[in-house]
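To start, the structure itself, in structure tokens.
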Amino acid sequence: MSFLDPFIAFVSAHAWLAYLTLFLAALLEAVPVVGSVVPGSTIILALSALVPGGELKLQWVLLAAALGAVLGDGSAYWVGHRRQREILNTWPLTNYPRVVEESETFFQRFGTWAVFFARFVPPIRAFVPVTAGALGMQPTRFYAVNIPAILVWAPAHVLPGVLAVSALHEYAGMPHHEHVGKHLWMYAVVGCAIILGLAIWTIRRRHGSGKAPAKTTA
């Protein structure tokens with residue numbers, strides 16, 4: 001576990017880099033295609049372990065994650081809004097026709113609420129904002145649902161780490177000046193992310209690469 005100590009010490013001395021990392025993780029997670037690759041949620045969950053010991057401040061962690069998500073979702077939405085359905089048939093989205101189709105189906109099924117629910121459903125989280133714009137959702141309706149969703153999403157990703165590490169210190173008798181609790185939480189998050197990633201990769205491999213078969217013309 002000791003190799004994490006230099007990282008924690010570095011964050012303690014350069015907290016702004018951690019906040020920037022949280023911001024970029026949340027932003028990139030909302031970008032189509034990129035968001036299905038960048039482990040933004042994993043990064044946010046892992047870094048949240050540094051709040052109880054004082055290396056990071058809870059309010060700034062929440063703010064960095066929320067601002068990144070707002071900018072990422074908003075940017076994707078406006079690209080879709082300006083280019084309409086054309087964007088859904090443009091590279092690199094054409095490399096992920098199945099996910100694009102799932103996003104459209106999700107949006108058509110839940111309507112405006114799809115923007116809210118998608119915040120918590122990878123990998124379509126990275127595709128629904130651009131799909132909402134492409135399908136003509138009005139900006140006021142988009143932000144009226146998107147911003148409340150992000151205000152729920154950010155604490156839902158940050159607080160579990162804060163509470164878990166705090167509980168380890170409080171009930172397991174681990175002193176805050178020791179990094180055992182942070183180590184355990186970070187390893188647990190990364191381990192679960194790897195297992196989940198392998199499971200998703202296996203499922204996709206069994207059911208195809210995610211590319212829809214080419215349509216034949218009569």
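Labels for the structure tokens follow display order: chains A, B, ..., residues from 1 in each chain, ligands from 1.
Look at stretch 115-118 of chain A: the protein and nucleic acid residues within 7 Å of it, using only C-alpha atoms and passing over chain neighbours fewer than 2 places away, are Thr112, Trp113, Phe120, Val121, Ile124, Arg125, Val128, Pro129, Val145, Asn146 and Ala149 of chain A.
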Residues from last step as file, all heavy atoms, as a PDB file, in the first residue's frame:
```pdb
ATOM      1  N   THR A 112     -38.029  13.833 -21.622  1.00  0.00           N
ATOM      2  CA  THR A 112     -37.177  14.796 -20.921  1.00  0.00           C
ATOM      3  C   THR A 112     -36.413  14.154 -19.773  1.00  0.00           C
ATOM      4  O   THR A 112     -35.248  14.473 -19.512  1.00  0.00           O
ATOM      5  CB  THR A 112     -38.026  15.959 -20.390  1.00  0.00           C
ATOM      6  OG1 THR A 112     -38.707  16.585 -21.483  1.00  0.00           O
ATOM      7  CG2 THR A 112     -37.152  16.997 -19.699  1.00  0.00           C
ATOM      8  N   TRP A 113     -37.049  13.213 -19.076  1.00  0.00           N
ATOM      9  CA  TRP A 113     -36.416  12.569 -17.925  1.00  0.00           C
ATOM     10  C   TRP A 113     -35.227  11.703 -18.311  1.00  0.00           C
ATOM     11  O   TRP A 113     -34.441  11.306 -17.442  1.00  0.00           O
ATOM     12  CB  TRP A 113     -37.445  11.754 -17.154  1.00  0.00           C
ATOM     13  CG  TRP A 113     -38.358  12.620 -16.348  1.00  0.00           C
ATOM     14  CD1 TRP A 113     -39.631  12.977 -16.641  1.00  0.00           C
ATOM     15  CD2 TRP A 113     -38.029  13.278 -15.119  1.00  0.00           C
ATOM     16  NE1 TRP A 113     -40.140  13.808 -15.674  1.00  0.00           N
ATOM     17  CE2 TRP A 113     -39.169  14.011 -14.719  1.00  0.00           C
ATOM     18  CE3 TRP A 113     -36.893  13.325 -14.316  1.00  0.00           C
ATOM     19  CZ2 TRP A 113     -39.203  14.778 -13.561  1.00  0.00           C
ATOM     20  CZ3 TRP A 113     -36.923  14.080 -13.150  1.00  0.00           C
ATOM     21  CH2 TRP A 113     -38.064  14.798 -12.783  1.00  0.00           C
ATOM     22  N   PHE A 120     -26.825   8.623 -14.564  1.00  0.00           N
ATOM     23  CA  PHE A 120     -26.463   7.526 -13.672  1.00  0.00           C
ATOM     24  C   PHE A 120     -26.346   6.196 -14.410  1.00  0.00           C
ATOM     25  O   PHE A 120     -26.245   5.148 -13.776  1.00  0.00           O
ATOM     26  CB  PHE A 120     -27.519   7.409 -12.557  1.00  0.00           C
ATOM     27  CG  PHE A 120     -27.751   8.692 -11.816  1.00  0.00           C
ATOM     28  CD1 PHE A 120     -28.703   9.604 -12.249  1.00  0.00           C
ATOM     29  CD2 PHE A 120     -26.986   9.013 -10.704  1.00  0.00           C
ATOM     30  CE1 PHE A 120     -28.913  10.805 -11.574  1.00  0.00           C
ATOM     31  CE2 PHE A 120     -27.188  10.206 -10.018  1.00  0.00           C
ATOM     32  CZ  PHE A 120     -28.151  11.106 -10.467  1.00  0.00           C
ATOM     33  N   VAL A 121     -26.364   6.240 -15.761  1.00  0.00           N
ATOM     34  CA  VAL A 121     -26.352   4.999 -16.544  1.00  0.00           C
ATOM     35  C   VAL A 121     -25.232   5.035 -17.585  1.00  0.00           C
ATOM     36  O   VAL A 121     -25.428   5.547 -18.693  1.00  0.00           O
ATOM     37  CB  VAL A 121     -27.708   4.774 -17.259  1.00  0.00           C
ATOM     38  CG1 VAL A 121     -27.702   3.428 -17.982  1.00  0.00           C
ATOM     39  CG2 VAL A 121     -28.867   4.870 -16.281  1.00  0.00           C
ATOM     40  N   ILE A 124     -24.325   5.117 -21.810  1.00  0.00           N
ATOM     41  CA  ILE A 124     -25.143   6.068 -22.569  1.00  0.00           C
ATOM     42  C   ILE A 124     -25.117   7.458 -21.953  1.00  0.00           C
ATOM     43  O   ILE A 124     -25.565   8.421 -22.588  1.00  0.00           O
ATOM     44  CB  ILE A 124     -26.602   5.581 -22.719  1.00  0.00           C
ATOM     45  CG1 ILE A 124     -27.277   5.486 -21.344  1.00  0.00           C
ATOM     46  CG2 ILE A 124     -26.676   4.266 -23.442  1.00  0.00           C
ATOM     47  CD1 ILE A 124     -28.757   5.215 -21.457  1.00  0.00           C
ATOM     48  N   ARG A 125     -24.584   7.593 -20.724  1.00  0.00           N
ATOM     49  CA  ARG A 125     -24.426   8.911 -20.104  1.00  0.00           C
ATOM     50  C   ARG A 125     -23.675   9.848 -21.034  1.00  0.00           C
ATOM     51  O   ARG A 125     -23.957  11.051 -21.083  1.00  0.00           O
ATOM     52  CB  ARG A 125     -23.685   8.765 -18.778  1.00  0.00           C
ATOM     53  CG  ARG A 125     -23.280  10.095 -18.147  1.00  0.00           C
ATOM     54  CD  ARG A 125     -22.794   9.901 -16.729  1.00  0.00           C
ATOM     55  NE  ARG A 125     -21.787   8.862 -16.619  1.00  0.00           N
ATOM     56  CZ  ARG A 125     -21.674   8.040 -15.576  1.00  0.00           C
ATOM     57  NH1 ARG A 125     -22.532   8.121 -14.584  1.00  0.00           N
ATOM     58  NH2 ARG A 125     -20.728   7.142 -15.530  1.00  0.00           N
ATOM     59  N   VAL A 128     -26.363  10.587 -24.364  1.00  0.00           N
ATOM     60  CA  VAL A 128     -27.704  11.170 -24.275  1.00  0.00           C
ATOM     61  C   VAL A 128     -27.721  12.691 -24.451  1.00  0.00           C
ATOM     62  O   VAL A 128     -28.602  13.212 -25.149  1.00  0.00           O
ATOM     63  CB  VAL A 128     -28.392  10.754 -22.963  1.00  0.00           C
ATOM     64  CG1 VAL A 128     -29.621  11.621 -22.687  1.00  0.00           C
ATOM     65  CG2 VAL A 128     -28.810   9.291 -23.041  1.00  0.00           C
ATOM     66  N   PRO A 129     -26.781  13.464 -23.876  1.00  0.00           N
ATOM     67  CA  PRO A 129     -26.831  14.915 -24.095  1.00  0.00           C
ATOM     68  C   PRO A 129     -26.753  15.306 -25.573  1.00  0.00           C
ATOM     69  O   PRO A 129     -27.530  16.146 -26.035  1.00  0.00           O
ATOM     70  CB  PRO A 129     -25.619  15.434 -23.319  1.00  0.00           C
ATOM     71  CG  PRO A 129     -25.446  14.440 -22.222  1.00  0.00           C
ATOM     72  CD  PRO A 129     -25.773  13.114 -22.851  1.00  0.00           C
ATOM     73  N   VAL A 145     -33.579  19.960 -16.462  1.00  0.00           N
ATOM     74  CA  VAL A 145     -33.445  18.585 -15.969  1.00  0.00           C
ATOM     75  C   VAL A 145     -31.982  18.236 -15.714  1.00  0.00           C
ATOM     76  O   VAL A 145     -31.654  17.556 -14.737  1.00  0.00           O
ATOM     77  CB  VAL A 145     -34.056  17.588 -16.975  1.00  0.00           C
ATOM     78  CG1 VAL A 145     -33.889  16.160 -16.484  1.00  0.00           C
ATOM     79  CG2 VAL A 145     -35.527  17.894 -17.208  1.00  0.00           C
ATOM     80  N   ASN A 146     -31.095  18.705 -16.569  1.00  0.00           N
ATOM     81  CA  ASN A 146     -29.687  18.349 -16.477  1.00  0.00           C
ATOM     82  C   ASN A 146     -29.020  18.864 -15.209  1.00  0.00           C
ATOM     83  O   ASN A 146     -28.286  18.124 -14.524  1.00  0.00           O
ATOM     84  CB  ASN A 146     -28.940  18.866 -17.707  1.00  0.00           C
ATOM     85  CG  ASN A 146     -27.453  18.565 -17.677  1.00  0.00           C
ATOM     86  OD1 ASN A 146     -26.630  19.464 -17.580  1.00  0.00           O
ATOM     87  ND2 ASN A 146     -27.103  17.292 -17.764  1.00  0.00           N
ATOM     88  N   ALA A 149     -30.063  16.990 -12.123  1.00  0.00           N
ATOM     89  CA  ALA A 149     -29.468  15.652 -12.179  1.00  0.00           C
ATOM     90  C   ALA A 149     -28.020  15.682 -11.714  1.00  0.00           C
ATOM     91  O   ALA A 149     -27.569  14.813 -10.962  1.00  0.00           O
ATOM     92  CB  ALA A 149     -29.560  15.097 -13.599  1.00  0.00           C
TER      93      ALA A 149
END
```
Write out as number ranges by chain which residues come within 12 Å of A:Glu104 when counting only C-alpha atoms, dropping same-chain ones fewer than 5 positions away. A: 85, 88, 97-99, 109-111, 114-115, 118, 124-125, 127-135
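Taking atom CA of A:Leu67 as the reference point, atom CA of A:Pro139 is found at 17.5 Å.
Straight-line separation from atom CA of A:Ser75 to atom CA of A:Leu45: 23.5 Å.
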Quick one: which stretch 70-162 of chain A residues come within 7 Å of stretch 26-38 of chain A, and what is the nearest atom pair for each with the distance in Å to one decimal, counting only C-alpha atoms, rows ordered by chain and ascending number, as a tab-separated table?
```
residue	atom	partner	partner_atom	distance
A:Leu71	CA	A:Leu27	CA	6.3
A:Gly72	CA	A:Leu27	CA	4.3
A:Asp73	CA	A:Ala30	CA	5.3
A:Ala76	CA	A:Val31	CA	6.2
A:Pro123	CA	A:Ser36	CA	5.3
A:Arg125	CA	A:Ala30	CA	6.6
A:Ala126	CA	A:Ala30	CA	4.5
A:Phe127	CA	A:Pro32	CA	5.1
```
So which residues touch stretch 20-22 of chain A within 6 Å, counting only C-alpha atoms, skipping near sequence neighbours fewer than 5 positions away, as a count of residues only? 3
Between atom CA of A:Phe142 and atom CA of A:Phe23, what is the distance, to one decimal in Å? 21.0 Å
